[in-house]
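Trainee: For reference, this is run-v2.txt, and it has compact mmCIF, C-alpha atoms.
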```txt
# COMPACT_ATOMS: atom_id res chain seq x y z
CA MET A 167 7.05 14.67 1.47
CA VAL A 168 7.55 11.70 3.81
CA ASN A 169 5.25 9.58 1.66
CA PHE A 170 7.05 10.64 -1.54
CA ILE A 171 10.49 9.79 -0.12
CA GLY A 172 9.33 6.36 1.06
CA ILE A 173 7.69 5.47 -2.26
CA LEU A 174 10.68 6.76 -4.25
CA GLY A 175 13.03 4.38 -2.48
CA TYR A 176 10.66 1.43 -2.98
CA SER A 177 9.85 2.20 -6.64
CA LEU A 178 13.54 2.26 -7.59
CA VAL A 179 13.63 -1.52 -7.17
CA ILE A 180 10.33 -2.55 -8.81
CA PRO A 181 11.52 -2.62 -12.46
CA ILE A 182 14.70 -4.56 -11.64
CA LEU A 183 13.34 -7.05 -9.08
CA ILE A 184 12.29 -9.67 -11.65
CA PHE A 185 15.80 -9.54 -13.17
CA ILE A 186 17.45 -9.87 -9.73
CA VAL A 187 15.28 -12.91 -8.93
CA THR A 188 16.08 -14.67 -12.22
CA ASP A 189 19.81 -13.83 -11.96
CA PHE A 190 19.97 -15.51 -8.54
CA GLY A 191 18.21 -18.67 -9.79
CA GLY A 192 14.51 -17.87 -9.34
CA ASN A 193 11.61 -17.87 -11.82
CA GLY A 194 8.06 -16.47 -12.08
CA PHE A 195 6.86 -18.67 -9.21
CA ILE A 196 9.66 -17.48 -6.88
CA TYR A 197 9.02 -13.88 -7.96
CA GLY A 198 5.37 -14.25 -6.93
CA ILE A 199 6.31 -15.81 -3.58
CA LEU A 200 8.86 -13.06 -2.93
CA GLY A 201 6.24 -10.45 -3.74
CA ALA A 202 3.82 -12.10 -1.30
CA THR A 203 6.42 -12.20 1.51
CA TYR A 204 6.17 -8.46 2.18
CA PRO A 205 2.35 -8.32 2.53
CA PHE A 206 2.32 -11.52 4.62
CA PHE A 207 4.51 -9.92 7.28
CA GLN A 208 2.81 -6.56 6.84
CA PHE A 209 -0.47 -8.32 7.65
CA ASN A 210 0.92 -9.09 11.10
CA GLY A 211 2.78 -5.83 11.67
CA ALA A 212 0.37 -3.16 10.33
CA PRO A 213 -2.42 -3.57 12.95
CA ILE A 214 0.16 -3.55 15.76
CA LEU A 215 1.78 -0.37 14.46
CA GLY A 216 -1.61 1.19 13.70
CA ARG A 217 -2.92 0.67 17.25
CA LEU A 218 0.45 1.73 18.67
CA SER A 219 0.19 5.00 16.74
CA ASP A 220 -3.19 5.62 18.42
CA LYS A 221 -1.41 5.34 21.78
CA ILE A 222 2.01 6.97 21.38
CA GLY A 223 1.46 9.08 18.25
CA ARG A 224 1.85 8.70 14.48
CA ARG A 225 5.29 10.29 14.21
CA LYS A 226 7.07 7.86 16.53
CA VAL A 227 5.60 4.83 14.76
CA LEU A 228 6.57 6.23 11.36
CA ILE A 229 10.17 6.41 12.60
CA ILE A 230 10.02 2.75 13.72
CA SER A 231 8.67 1.72 10.33
CA GLN A 232 11.28 3.68 8.38
CA VAL A 233 14.17 2.28 10.45
CA GLY A 234 12.93 -1.23 9.60
CA THR A 235 12.86 -0.32 5.91
CA PHE A 236 16.43 1.04 6.05
CA LEU A 237 17.75 -2.14 7.71
CA ALA A 238 15.90 -4.23 5.12
CA TRP A 239 17.66 -2.43 2.26
CA LEU A 240 21.02 -3.08 3.91
CA LEU A 241 20.17 -6.80 4.05
CA PHE A 242 19.12 -6.65 0.40
CA LEU A 243 22.53 -5.21 -0.51
CA LEU A 244 24.25 -7.94 1.54
CA ALA A 245 22.84 -10.51 -0.89
CA PHE A 246 25.06 -9.16 -3.68
CA ILE A 247 28.30 -9.86 -1.85
CA LEU A 248 27.37 -13.39 -0.72
CA PRO A 249 28.44 -16.46 -2.71
CA GLU A 250 25.73 -17.95 -4.94
CA THR A 251 25.60 -21.18 -2.96
CA LYS A 252 22.82 -23.51 -4.13
CA LEU A 253 20.54 -24.52 -1.25
CA TRP A 254 18.04 -26.60 -3.23
CA GLU A 255 16.64 -26.99 -6.72
CA GLN A 256 13.18 -27.94 -7.97
CA ASN A 257 11.63 -28.82 -11.31
CA ALA A 258 7.87 -29.37 -11.12
CA GLU A 259 4.87 -28.61 -13.30
CA PHE A 260 3.27 -26.43 -10.61
CA THR A 261 6.34 -24.34 -9.69
CA GLY A 262 8.43 -24.58 -12.84
CA THR A 263 12.23 -24.86 -12.68
CA TYR A 264 14.04 -22.77 -10.10
CA MET A 265 17.12 -22.85 -7.88
CA MET A 266 17.11 -21.38 -4.35
CA THR A 267 20.48 -19.75 -3.63
CA LEU A 268 21.89 -18.10 -0.50
CA PRO A 269 21.54 -14.53 -1.88
CA LEU A 270 17.93 -15.23 -2.82
CA LEU A 271 17.21 -16.47 0.73
CA VAL A 272 18.72 -13.28 2.21
CA ILE A 273 16.50 -11.19 -0.07
CA PHE A 274 13.49 -13.09 1.31
CA ILE A 275 14.61 -12.25 4.88
CA ALA A 276 15.00 -8.58 3.90
CA ARG A 277 11.43 -8.51 2.55
CA MET A 278 10.18 -10.14 5.77
CA LEU A 279 11.75 -7.41 7.91
CA ASP A 280 10.51 -4.62 5.67
CA GLY A 281 7.02 -6.13 5.66
CA PHE A 282 6.71 -6.48 9.43
CA THR A 283 7.71 -2.85 10.00
CA GLY A 284 5.81 -1.74 6.88
CA GLY A 285 2.90 -0.10 8.67
CA ASN A 286 3.93 3.32 7.41
CA VAL A 287 1.12 3.42 4.83
CA SER A 288 -1.66 2.80 7.37
CA VAL A 289 -0.09 5.23 9.87
CA ALA A 290 0.36 7.89 7.18
CA ASN A 291 -3.30 7.50 6.19
CA ALA A 292 -4.32 7.80 9.85
CA TYR A 293 -2.16 10.93 10.10
CA MET A 294 -3.93 12.40 7.05
CA SER A 295 -7.30 11.56 8.59
CA ASP A 296 -6.28 13.38 11.80
CA ILE A 297 -5.60 16.65 10.01
CA SER A 298 -8.49 16.49 7.50
CA THR A 299 -12.01 17.87 7.71
CA ASP A 300 -15.05 16.67 5.76
CA GLU A 301 -14.57 19.59 3.37
CA ASP A 302 -10.94 18.91 2.43
CA ARG A 303 -10.72 15.13 3.01
CA ASN A 304 -10.92 14.19 -0.71
CA LYS A 305 -8.39 16.85 -1.70
CA ASN A 306 -5.94 15.81 1.01
CA PHE A 307 -6.05 12.13 0.11
CA GLY A 308 -5.74 13.16 -3.54
CA LYS A 309 -2.52 15.03 -2.71
CA MET A 310 -1.29 12.02 -0.74
CA GLY A 311 -1.99 9.83 -3.76
CA ALA A 312 -0.24 12.32 -6.04
CA SER A 313 2.89 12.19 -3.87
CA THR A 314 2.80 8.38 -4.15
CA SER A 315 2.45 8.55 -7.92
CA LEU A 316 5.22 11.14 -8.23
CA GLY A 317 7.52 8.73 -6.39
CA PHE A 318 6.54 6.06 -8.90
CA VAL A 319 7.25 8.44 -11.80
CA ILE A 320 10.82 9.23 -10.80
CA GLY A 321 11.76 5.85 -9.25
CA PRO A 322 11.11 3.42 -12.14
CA ALA A 323 12.44 5.88 -14.73
CA PHE A 324 15.75 6.22 -12.88
CA ALA A 325 15.92 2.52 -11.96
CA GLY A 326 16.37 1.39 -15.54
CA LEU A 327 19.06 4.00 -16.20
CA LEU A 328 20.94 3.26 -12.97
CA ALA A 329 20.76 -0.50 -13.57
CA SER A 330 22.46 -0.03 -16.96
CA THR A 331 25.61 1.41 -15.32
CA ILE A 332 28.71 -0.59 -14.38
CA LEU A 333 27.29 -1.28 -10.89
CA GLY A 334 24.16 -2.87 -12.36
CA GLU A 335 21.26 -3.55 -9.95
CA VAL A 336 23.38 -2.61 -6.93
CA LEU A 337 23.23 1.15 -7.61
CA PRO A 338 19.41 1.47 -7.39
CA LEU A 339 19.52 -0.51 -4.12
CA ILE A 340 22.19 1.77 -2.63
CA LEU A 341 20.10 4.80 -3.60
CA ALA A 342 16.97 3.20 -2.07
CA ALA A 343 18.84 2.70 1.23
CA ILE A 344 20.08 6.31 1.22
CA ILE A 345 16.58 7.64 0.50
CA SER A 346 15.19 5.51 3.33
CA LEU A 347 17.80 6.96 5.71
CA ILE A 348 16.88 10.50 4.64
CA ALA A 349 13.22 9.75 5.36
CA ILE A 350 14.08 8.86 8.98
CA PHE A 351 15.64 12.30 9.54
CA VAL A 352 12.78 14.08 7.74
CA ILE A 353 10.21 12.40 10.02
CA LYS A 354 12.32 13.00 13.13
CA PHE A 355 13.04 16.71 12.59
CA ARG A 356 10.38 18.02 10.19
CA LEU A 357 7.13 16.13 10.82
CA LYS A 358 4.92 17.38 13.63
CA GLU A 359 2.80 14.96 15.67
CA SER A 360 -0.79 14.90 14.37
CA VAL A 361 -2.13 13.65 17.71
CA PRO A 362 -0.70 16.26 20.09
CA CYS A 363 -2.31 14.72 23.17
CA VAL A 364 -1.24 11.11 23.44
CA VAL A 365 -1.17 9.22 26.69
CA ASP A 366 0.73 6.27 28.07
CA THR A 367 -2.00 3.80 29.00
CA GLY A 368 0.28 1.87 31.29
CA LYS A 369 0.93 -0.97 28.85
CA LEU A 370 4.38 0.34 27.89
CA SER A 371 5.93 -0.21 31.28
CA ILE A 372 9.57 -0.72 30.29
CA LYS A 373 11.38 2.50 31.18
CA ASN A 374 13.89 2.31 28.35
CA ILE A 375 11.15 1.99 25.75
CA ARG A 376 9.29 4.94 27.27
CA ARG A 377 12.42 7.07 27.27
CA PHE A 378 13.25 6.17 23.66
CA PHE A 379 9.80 7.08 22.36
CA GLN A 380 9.41 9.99 24.82
CA VAL A 381 6.00 8.69 25.96
CA GLU A 382 4.61 10.91 28.66
CA HIS A 383 1.28 11.80 30.23
CA LYS A 384 -0.60 14.77 28.85
CA ASP A 385 -3.02 16.89 30.87
CA CYS A 386 -5.49 17.08 28.03
CA PHE A 387 -6.46 13.42 28.59
CA THR A 388 -6.72 13.55 32.35
CA GLU A 389 -10.49 13.50 32.03
CA GLY A 390 -12.04 10.72 30.02
CA SER A 391 -8.75 8.86 29.73
CA GLU A 392 -10.58 5.56 30.24
CA THR A 393 -12.60 6.24 27.11
CA HIS A 394 -9.41 7.04 25.21
CA GLU A 395 -7.80 3.80 26.38
CA THR A 396 -10.87 1.76 25.41
CA GLU A 397 -10.97 3.29 21.92
CA THR A 398 -7.29 2.79 21.18
CA GLN A 399 -7.45 -0.84 22.28
CA LYS A 400 -10.28 -1.78 19.92
CA GLY A 401 -9.62 -5.06 18.18
CA TRP A 402 -10.77 -6.58 14.89
CA ILE A 403 -14.28 -7.50 16.11
CA GLN A 404 -14.99 -4.02 17.45
CA ILE A 405 -13.64 -2.32 14.31
CA VAL A 406 -15.68 -4.34 11.80
CA ARG A 407 -18.83 -3.62 13.84
CA ILE A 408 -18.49 0.05 12.95
CA LYS A 409 -21.17 0.75 10.35
CA GLY A 410 -19.94 0.38 6.77
CA VAL A 411 -16.41 -0.75 7.67
CA LEU A 412 -16.84 -4.44 6.74
CA LEU A 413 -18.13 -3.59 3.25
CA LEU A 414 -15.29 -1.09 2.74
CA TYR A 415 -12.77 -3.71 3.89
CA SER A 416 -14.20 -6.09 1.26
CA ILE A 417 -13.56 -3.47 -1.42
CA TYR A 418 -10.07 -2.88 0.05
CA PHE A 419 -9.33 -6.61 -0.21
CA LEU A 420 -10.61 -7.03 -3.77
CA THR A 421 -8.82 -3.91 -5.04
CA PHE A 422 -5.46 -5.12 -3.73
CA PHE A 423 -6.12 -8.64 -5.03
CA SER A 424 -6.79 -7.40 -8.56
CA PHE A 425 -3.80 -5.04 -8.61
CA SER A 426 -1.59 -7.83 -7.27
CA LEU A 427 -2.52 -9.97 -10.26
CA PHE A 428 -1.38 -7.04 -12.42
CA TYR A 429 1.90 -6.44 -10.56
CA ALA A 430 2.70 -10.17 -10.55
CA GLY A 431 1.87 -10.70 -14.21
CA LEU A 432 3.22 -7.50 -15.78
CA PRO A 433 6.98 -7.99 -15.06
CA ILE A 434 6.82 -11.62 -16.26
CA TYR A 435 4.83 -10.48 -19.32
CA ALA A 436 7.43 -7.79 -20.03
CA ASN A 437 10.40 -10.12 -19.44
CA THR A 438 9.15 -13.12 -21.45
CA ILE A 439 6.55 -12.27 -24.13
CA LEU A 440 7.45 -8.62 -24.79
CA GLU A 441 11.20 -9.17 -24.12
CA TRP A 442 11.51 -5.74 -22.49
CA SER A 443 14.58 -4.51 -20.64
CA ALA A 444 14.54 -2.86 -17.21
CA ILE A 445 14.53 0.53 -19.00
CA ASP A 446 11.42 -0.38 -21.06
CA LEU A 447 9.53 -1.54 -17.96
CA GLY A 448 10.69 1.53 -16.02
CA ILE A 449 9.37 3.88 -18.73
CA PHE A 450 6.04 2.03 -18.82
CA LEU A 451 5.57 2.32 -15.04
CA ALA A 452 6.78 5.95 -15.00
CA TYR A 453 4.25 6.85 -17.71
CA SER A 454 1.48 5.30 -15.62
CA SER A 455 2.52 7.18 -12.50
CA LEU A 456 2.84 10.50 -14.35
CA ILE A 457 -0.81 10.28 -15.39
CA MET A 458 -1.81 9.47 -11.81
CA VAL A 459 0.07 12.55 -10.55
CA ILE A 460 -2.05 14.71 -12.87
CA VAL A 461 -5.30 12.92 -12.02
CA GLN A 462 -4.76 12.81 -8.24
CA GLY A 463 -3.56 16.41 -8.16
CA PRO A 464 -5.40 19.11 -10.16
CA VAL A 465 -8.04 16.83 -11.74
CA LEU A 466 -9.25 15.20 -8.51
CA ASN A 467 -9.00 18.55 -6.74
CA ARG A 468 -11.64 19.95 -9.11
CA LEU A 469 -13.78 16.84 -9.46
CA SER A 470 -14.09 16.44 -5.68
CA ASN A 471 -15.99 19.75 -5.62
CA ILE A 472 -18.46 18.43 -8.18
CA LEU A 473 -18.75 14.67 -7.58
CA SER A 474 -19.07 12.67 -4.35
CA SER A 475 -16.48 10.14 -3.20
CA HIS A 476 -18.90 7.32 -4.02
CA THR A 477 -19.28 8.54 -7.61
CA LEU A 478 -15.53 8.91 -8.07
CA VAL A 479 -14.91 5.37 -6.77
CA LEU A 480 -17.59 4.00 -9.11
CA LEU A 481 -16.17 5.84 -12.12
CA GLY A 482 -12.63 4.76 -11.27
CA SER A 483 -13.54 1.09 -10.79
CA LEU A 484 -15.33 0.98 -14.18
CA LEU A 485 -12.27 2.45 -15.92
CA LEU A 486 -10.05 -0.06 -14.12
CA ALA A 487 -12.25 -2.96 -15.26
CA CYS A 488 -11.97 -1.78 -18.89
CA SER A 489 -8.20 -1.38 -18.60
CA PHE A 490 -7.69 -4.90 -17.27
CA PHE A 491 -9.72 -6.39 -20.12
CA LEU A 492 -7.56 -4.48 -22.63
CA LEU A 493 -4.36 -5.69 -20.93
CA SER A 494 -5.24 -9.25 -21.92
CA LEU A 495 -4.85 -8.36 -25.62
CA GLU A 496 -1.24 -8.85 -26.73
CA SER A 497 -0.75 -5.54 -28.53
CA LEU A 498 1.77 -2.81 -27.63
CA ILE A 499 -0.62 0.02 -28.61
CA LEU A 500 -3.52 -1.46 -26.64
CA LEU A 501 -1.14 -2.07 -23.75
CA TYR A 502 -0.46 1.67 -23.47
CA VAL A 503 -4.17 2.48 -23.92
CA ALA A 504 -4.92 0.06 -21.08
CA ASN A 505 -2.16 1.64 -19.00
CA THR A 506 -3.70 5.10 -19.55
CA LEU A 507 -7.19 3.95 -18.48
CA LEU A 508 -5.72 2.07 -15.52
CA SER A 509 -3.83 5.16 -14.34
CA ILE A 510 -6.87 7.45 -14.65
CA GLY A 511 -9.12 4.91 -12.93
CA ASN A 512 -6.66 4.31 -10.10
CA GLY A 513 -6.09 8.05 -9.69
CA LEU A 514 -9.82 8.66 -9.27
CA MET A 515 -10.75 5.59 -7.26
CA TRP A 516 -8.13 4.98 -4.59
CA PRO A 517 -7.84 8.45 -2.95
CA SER A 518 -11.65 8.71 -2.98
CA PHE A 519 -11.95 5.27 -1.39
CA LEU A 520 -9.43 6.16 1.33
CA SER A 521 -11.43 9.32 1.97
CA LEU A 522 -14.55 7.20 2.57
CA LEU A 523 -12.67 4.84 4.88
CA SER A 524 -11.13 7.70 6.86
CA SER A 525 -14.57 9.21 7.48
CA THR A 526 -15.62 6.14 9.50
CA GLY A 527 -14.99 5.73 13.23
CA THR A 528 -13.30 8.41 15.32
CA LYS A 529 -9.86 10.01 15.44
CA ARG A 530 -8.87 7.66 18.26
CA THR A 531 -9.69 4.56 16.18
CA GLN A 532 -8.26 5.69 12.83
CA GLY A 533 -4.92 3.99 13.48
CA ALA A 534 -6.69 0.68 14.11
CA ILE A 535 -9.10 1.14 11.15
CA GLN A 536 -6.26 1.95 8.75
CA GLY A 537 -4.06 -0.78 10.24
CA TYR A 538 -6.65 -3.52 9.77
CA GLY A 539 -7.40 -2.10 6.31
CA THR A 540 -3.72 -2.50 5.42
CA SER A 541 -3.92 -6.07 6.72
CA MET A 542 -6.84 -6.76 4.38
CA GLY A 543 -4.70 -5.41 1.55
CA SER A 544 -1.79 -7.54 2.71
CA ILE A 545 -3.83 -10.77 2.64
CA ALA A 546 -5.12 -9.87 -0.82
CA SER A 547 -1.59 -9.06 -2.02
CA MET A 548 -0.30 -12.42 -0.76
CA LEU A 549 -2.97 -14.32 -2.66
CA GLY A 550 -2.80 -12.12 -5.76
CA LEU A 551 0.98 -12.12 -6.12
CA VAL A 552 1.33 -15.88 -5.64
CA LEU A 553 -1.65 -16.72 -7.87
CA GLY A 554 -0.64 -14.08 -10.41
CA GLY A 555 2.80 -15.63 -10.88
CA ILE A 556 1.40 -19.17 -11.11
CA LEU A 557 -1.54 -18.25 -13.35
CA PHE A 558 0.59 -16.26 -15.78
CA GLU A 559 2.88 -19.27 -16.21
CA ASN A 560 -0.22 -21.28 -17.28
CA ILE A 561 -2.77 -18.91 -18.87
CA THR A 562 -0.53 -15.88 -19.65
CA THR A 563 -2.46 -12.63 -20.24
CA PHE A 564 -5.86 -14.21 -19.44
CA VAL A 565 -4.96 -13.48 -15.81
CA PHE A 566 -5.76 -9.80 -16.47
CA ILE A 567 -9.34 -10.71 -17.44
CA ILE A 568 -9.77 -12.16 -13.94
CA GLY A 569 -8.64 -8.81 -12.55
CA GLY A 570 -11.18 -7.00 -14.73
CA CYS A 571 -13.99 -9.21 -13.41
CA VAL A 572 -12.92 -8.42 -9.83
CA PHE A 573 -13.28 -4.68 -10.52
CA CYS A 574 -16.80 -5.33 -11.85
CA ILE A 575 -17.60 -6.92 -8.47
CA ILE A 576 -16.09 -3.88 -6.72
CA THR A 577 -18.41 -1.62 -8.71
CA VAL A 578 -21.43 -3.59 -7.46
CA LEU A 579 -20.22 -3.47 -3.85
CA MET A 580 -19.70 0.30 -4.06
CA LEU A 581 -23.26 0.70 -5.40
CA ILE A 582 -24.49 -1.22 -2.33
CA HIS A 583 -22.43 0.99 0.00
CA ARG A 584 -23.74 4.12 -1.71
CA PHE A 585 -27.34 2.93 -1.36
CA ARG A 586 -26.87 2.13 2.34
CA ASN A 587 -25.14 5.45 2.97
CA ARG A 588 -27.94 7.37 1.23
CA GLU A 589 -30.55 5.42 3.18
CA LYS A 590 -28.75 6.24 6.46
CA SER A 591 -28.57 9.94 5.52
CA GLN A 592 -32.33 10.01 4.88
CA VAL A 593 -33.00 8.42 8.28
CA ASP A 594 -30.67 10.91 9.99
CA ASN A 595 -32.37 13.86 8.27
CA THR A 596 -35.80 12.57 9.31
CA SER A 597 -34.61 12.28 12.94
CA ILE A 598 -33.20 15.84 12.86
CA GLU A 599 -36.50 17.20 11.49
CA PHE A 600 -38.46 15.31 14.16
CA LEU A 601 -36.25 16.68 16.97
CA ALA A 602 -36.47 20.20 15.54
CA ASN A 603 -40.27 20.04 15.50
```
Please re-express this file's structure in structure tokens.

Mentor:
Amino acid sequence: MVNFIGILGYSLVIPILIFIVTDFGGNGFIYGILGATYPFFQFNGAPILGRLSDKIGRRKVLIISQVGTFLAWLLFLLAFILPETKLWEQNAEFTGTYMMTLPLLVIFIARMLDGFTGGNVSVANAYMSDISTDEDRNKNFGKMGASTSLGFVIGPAFAGLLASTILGEVLPLILAAIISLIAIFVIKFRLKESVPCVVDTGKLSIKNIRRFFQVEHKDCFTEGSETHETETQKGWIQIVRIKGVLLLYSIYFLTFFSFSLFYAGLPIYANTILEWSAIDLGIFLAYSSLIMVIVQGPVLNRLSNILSSHTLVLLGSLLLACSFFLLSLESLILLYVANTLLSIGNGLMWPSFLSLLSSTGTKRTQGAIQGYGTSMGSIASMLGLVLGGILFENITTFVFIIGGCVFCIITVLMLIHRFRNREKSQVDNTSIEFLAN
């Protein structure tokens, strides 16, 4: 429910963001830079929030993150009442023609704030890992993915309709802020802490901060508290040394990079070549998310009992590669066929991949593992969104072929991970048989 509320607020703005940027003087290049602003600051904030959640609990950090999102939406709304003062203008072959205005600058600041406190995804995934067992891990992450997709079904569909009212783009933003505020109260009063025994390691020494977050010592960590402190303080080097994590992070990076090319190119494609309105783009994105709700819910629930996570990731990545190649063909029918394959592939791959990632390490390092994973996605998003905007201005739909090739590489990497995992399982079984004898 928390995940759904957060995604719903965010997805309300996706179909109208390209129109807001162009109305305030921006172009495809500025849209790509704006898109990259969020992941850039998330790259810095997610690991901090992830490790903090290992120390003081997931619930408290989710509240911090959601408060940041709420304040960011208020800043976003502020842009609409500011005068459109021109700060500078540029006309170059690399960037195209754009004008930076005061409202556009405030929107950039809003995305910075939201990005830095945007560790809610990594913390939510760590929370899900805390309450999952090996038997229900795939199903749980499938449900989490379905809640995300459901938010993307309702959000974009309503965004286009709301933007067509007399208030224009302001109404979806007001609704996003209200939804974000509701999420804070839902987390505060309805979400239980998934790590019931958290301990103050002595690093949070400011009394006011401790009172605000209600950090207190728990008896359950009286013994072995040094081990707990060591695990929660693990940095990047220690995390990537965990077996299989580095290869999974590579897949994490490439997946976000490829999807960022899609999310950078699609709105520009829709706005320029297809000449779609916000309603058309909203329907297209809602259709995609509706399929993912079905796939990540009942379909993945059944398939996870038959196929392994590795197999589901492989199948999903192959479907995603095919969909990206079809996206490069400028045909409305093929565009929806590609969208269908993309939605099925994403619905199968991503929850299964998160299940694999959450099975690495221990409960006390999941916040750090998910936090650094989010950072990998953030770096990839920065590169993909900036390059996607620039490349589409120059090579148009050919940018989607690049994304398809990336998913082919992901398929190869997953085959390597599957081989290594199977090899490790055989060694472990041999050791168990030896000890038994």

Trainee: Select, from A:Val336, A:Ile320, A:Leu241, A:Met294, the residue with the minimum atom-to-atom distance to Leu183 in chain A, counting all atoms listed in the file.

Mentor: A:Val336

Trainee: With a cut-off of 12 Å, could you pull out the residues of range 418-448 of chain A touching range 506-520 of chain A and give me the nearest pair of atoms for each, distance in Å to one decimal, using all atoms listed in the file, ordered by chain and ascending number, as CSV?

Mentor:
```
residue,atom,partner,partner_atom,distance
A:Tyr418,CA,A:Phe519,CA,8.5
A:Thr421,CA,A:Trp516,CA,8.9
A:Phe422,CA,A:Trp516,CA,10.5
A:Ser424,CA,A:Leu508,CA,11.8
A:Phe425,CA,A:Asn512,CA,9.9
A:Phe428,CA,A:Leu508,CA,10.6
```

Trainee: I want to know what sits within 7 Å of Gly281 in chain A, based on only C-alpha atoms, with residues of the same chain fewer than 5 positions away left out; could you give that as a PyMOL selection string?

Mentor: chain A and resi 204-205+207-208

Trainee: So, counting all atoms listed in the file, which residue among A:Leu478, A:Ser219, A:Phe351, A:Ile340 is closest to Val465 in chain A?

Mentor: A:Leu478

Trainee: Report, in Å with one decimal, the straight-line distance from CA of Ser298 in chain A to CA of Lys358 in chain A.

Mentor: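 Computing the Euclidean distance for CA of Ser298 in chain A and CA of Lys358 in chain A yields 14.8 Å.
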
Trainee: Which is closest to Val503 in chain A among A:Ile332, A:Leu412, A:Leu485, A:Ile556, if we use all atoms listed in the file?

Mentor: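 Closest to Val503 in chain A of all the choices is A:Leu485.
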
Trainee: Rank nothing, just name the residue among A:Asn257, A:Ile445, A:Glu301, A:Ile230 nearest to Leu347 in chain A, using all atoms listed in the file.

Mentor: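 Ranked by minimum distance to Leu347 in chain A, first place goes to A:Ile230.
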
Trainee: So which one's closest to Met542 in chain A, A:Ile222, A:Val411, A:Met278, A:Ala258? Using all atoms listed in the file, please.

Mentor: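 Of A:Ile222, A:Val411, A:Met278, A:Ala258, the one nearest Met542 in chain A is A:Val411, counting all atoms listed in the file.
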
Trainee: What gap, in Å, lies between CA of Val572 in chain A and CA of Leu501 in chain A?

Mentor: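 Value for the CA of Val572 in chain A-CA of Leu501 in chain A distance: 19.3 Å.
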
Trainee: To one decimal place, how far is CA of Thr235 in chain A from CA of Gly401 in chain A in Å?

Mentor: 26.0 Å

Trainee: Do you have, as JSON lines, the list of residues of range 538-591 of chain A lying at most 12 Å from range 523-529 of chain A, each with its nearest atom pair and that distance in Å to one decimal, counting all atoms listed in the file and ordered by chain then number?

Mentor:
```
{"residue": "A:Tyr538", "atom": "CA", "partner": "A:Leu523", "partner_atom": "CA", "distance": 11.4}
{"residue": "A:Gly539", "atom": "CA", "partner": "A:Leu523", "partner_atom": "CA", "distance": 8.8}
{"residue": "A:Thr540", "atom": "CA", "partner": "A:Leu523", "partner_atom": "CA", "distance": 11.6}
{"residue": "A:His583", "atom": "CA", "partner": "A:Leu523", "partner_atom": "CA", "distance": 11.6}
{"residue": "A:Asn587", "atom": "CA", "partner": "A:Thr526", "partner_atom": "CA", "distance": 11.6}
```

Trainee: Pick the closest to Ser360 in chain A from A:Leu432, A:Ser455, A:Lys309, A:Arg530: which is it, counting only C-alpha atoms?

Mentor: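 Using only C-alpha atoms, the shortest distance to Ser360 in chain A belongs to A:Arg530.
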
Trainee: Identify the residues around (-10.5, 15.6, -6.9) within a radius of 12 Å, measuring from all atoms listed in the file in the coordinates stated by the file, and give them as a VMD selection string.

Mentor: chain A and resid 301 to 312 458 to 475 477 to 479 482 510 513 to 519 521

Trainee: List every protein, DNA or RNA residue that has an atom no more than 12 Å from (10.5, -6.4, -19.3) in the file's coordinate frame, counting all atoms listed in the file, and report them as a VMD selection string.

Mentor: chain A and resid 180 to 185 326 431 to 451

Trainee: Around range 568-587 of chain A, fit a box with edges along x, y and z, padding it by 8 Å on each side, then list its centre and edge lengths in Å to one decimal as lines of an AutoDock Vina configuration file.

Mentor:
```
center_x = -18.0
center_y = -3.4
center_z = -5.9
size_x = 34.7
size_y = 33.6
size_z = 33.7
```

Trainee: Please supply range 479-485 of chain A, rebuilt with N, CA, C and O atoms, as a PDB file, in the frame of the given file.

Mentor:
```
ATOM      1  N   VAL A 479     -15.337   6.773  -6.903  1.00  0.00           N
ATOM      2  CA  VAL A 479     -14.910   5.370  -6.770  1.00  0.00           C
ATOM      3  C   VAL A 479     -15.575   4.518  -7.841  1.00  0.00           C
ATOM      4  O   VAL A 479     -14.927   3.658  -8.464  1.00  0.00           O
ATOM      5  N   LEU A 480     -16.859   4.750  -8.080  1.00  0.00           N
ATOM      6  CA  LEU A 480     -17.590   4.000  -9.110  1.00  0.00           C
ATOM      7  C   LEU A 480     -16.991   4.235 -10.490  1.00  0.00           C
ATOM      8  O   LEU A 480     -16.758   3.288 -11.254  1.00  0.00           O
ATOM      9  N   LEU A 481     -16.751   5.501 -10.818  1.00  0.00           N
ATOM     10  CA  LEU A 481     -16.170   5.840 -12.120  1.00  0.00           C
ATOM     11  C   LEU A 481     -14.785   5.216 -12.270  1.00  0.00           C
ATOM     12  O   LEU A 481     -14.460   4.638 -13.311  1.00  0.00           O
ATOM     13  N   GLY A 482     -13.978   5.318 -11.224  1.00  0.00           N
ATOM     14  CA  GLY A 482     -12.630   4.760 -11.270  1.00  0.00           C
ATOM     15  C   GLY A 482     -12.623   3.249 -11.427  1.00  0.00           C
ATOM     16  O   GLY A 482     -11.835   2.701 -12.214  1.00  0.00           O
ATOM     17  N   SER A 483     -13.512   2.561 -10.716  1.00  0.00           N
ATOM     18  CA  SER A 483     -13.540   1.090 -10.790  1.00  0.00           C
ATOM     19  C   SER A 483     -13.995   0.609 -12.178  1.00  0.00           C
ATOM     20  O   SER A 483     -13.510  -0.423 -12.663  1.00  0.00           O
ATOM     21  N   LEU A 484     -14.899   1.347 -12.819  1.00  0.00           N
ATOM     22  CA  LEU A 484     -15.330   0.980 -14.180  1.00  0.00           C
ATOM     23  C   LEU A 484     -14.182   1.150 -15.174  1.00  0.00           C
ATOM     24  O   LEU A 484     -13.980   0.301 -16.054  1.00  0.00           O
ATOM     25  N   LEU A 485     -13.427   2.240 -15.042  1.00  0.00           N
ATOM     26  CA  LEU A 485     -12.270   2.450 -15.920  1.00  0.00           C
ATOM     27  C   LEU A 485     -11.207   1.374 -15.687  1.00  0.00           C
ATOM     28  O   LEU A 485     -10.573   0.896 -16.646  1.00  0.00           O
TER      29      LEU A 485
END
```
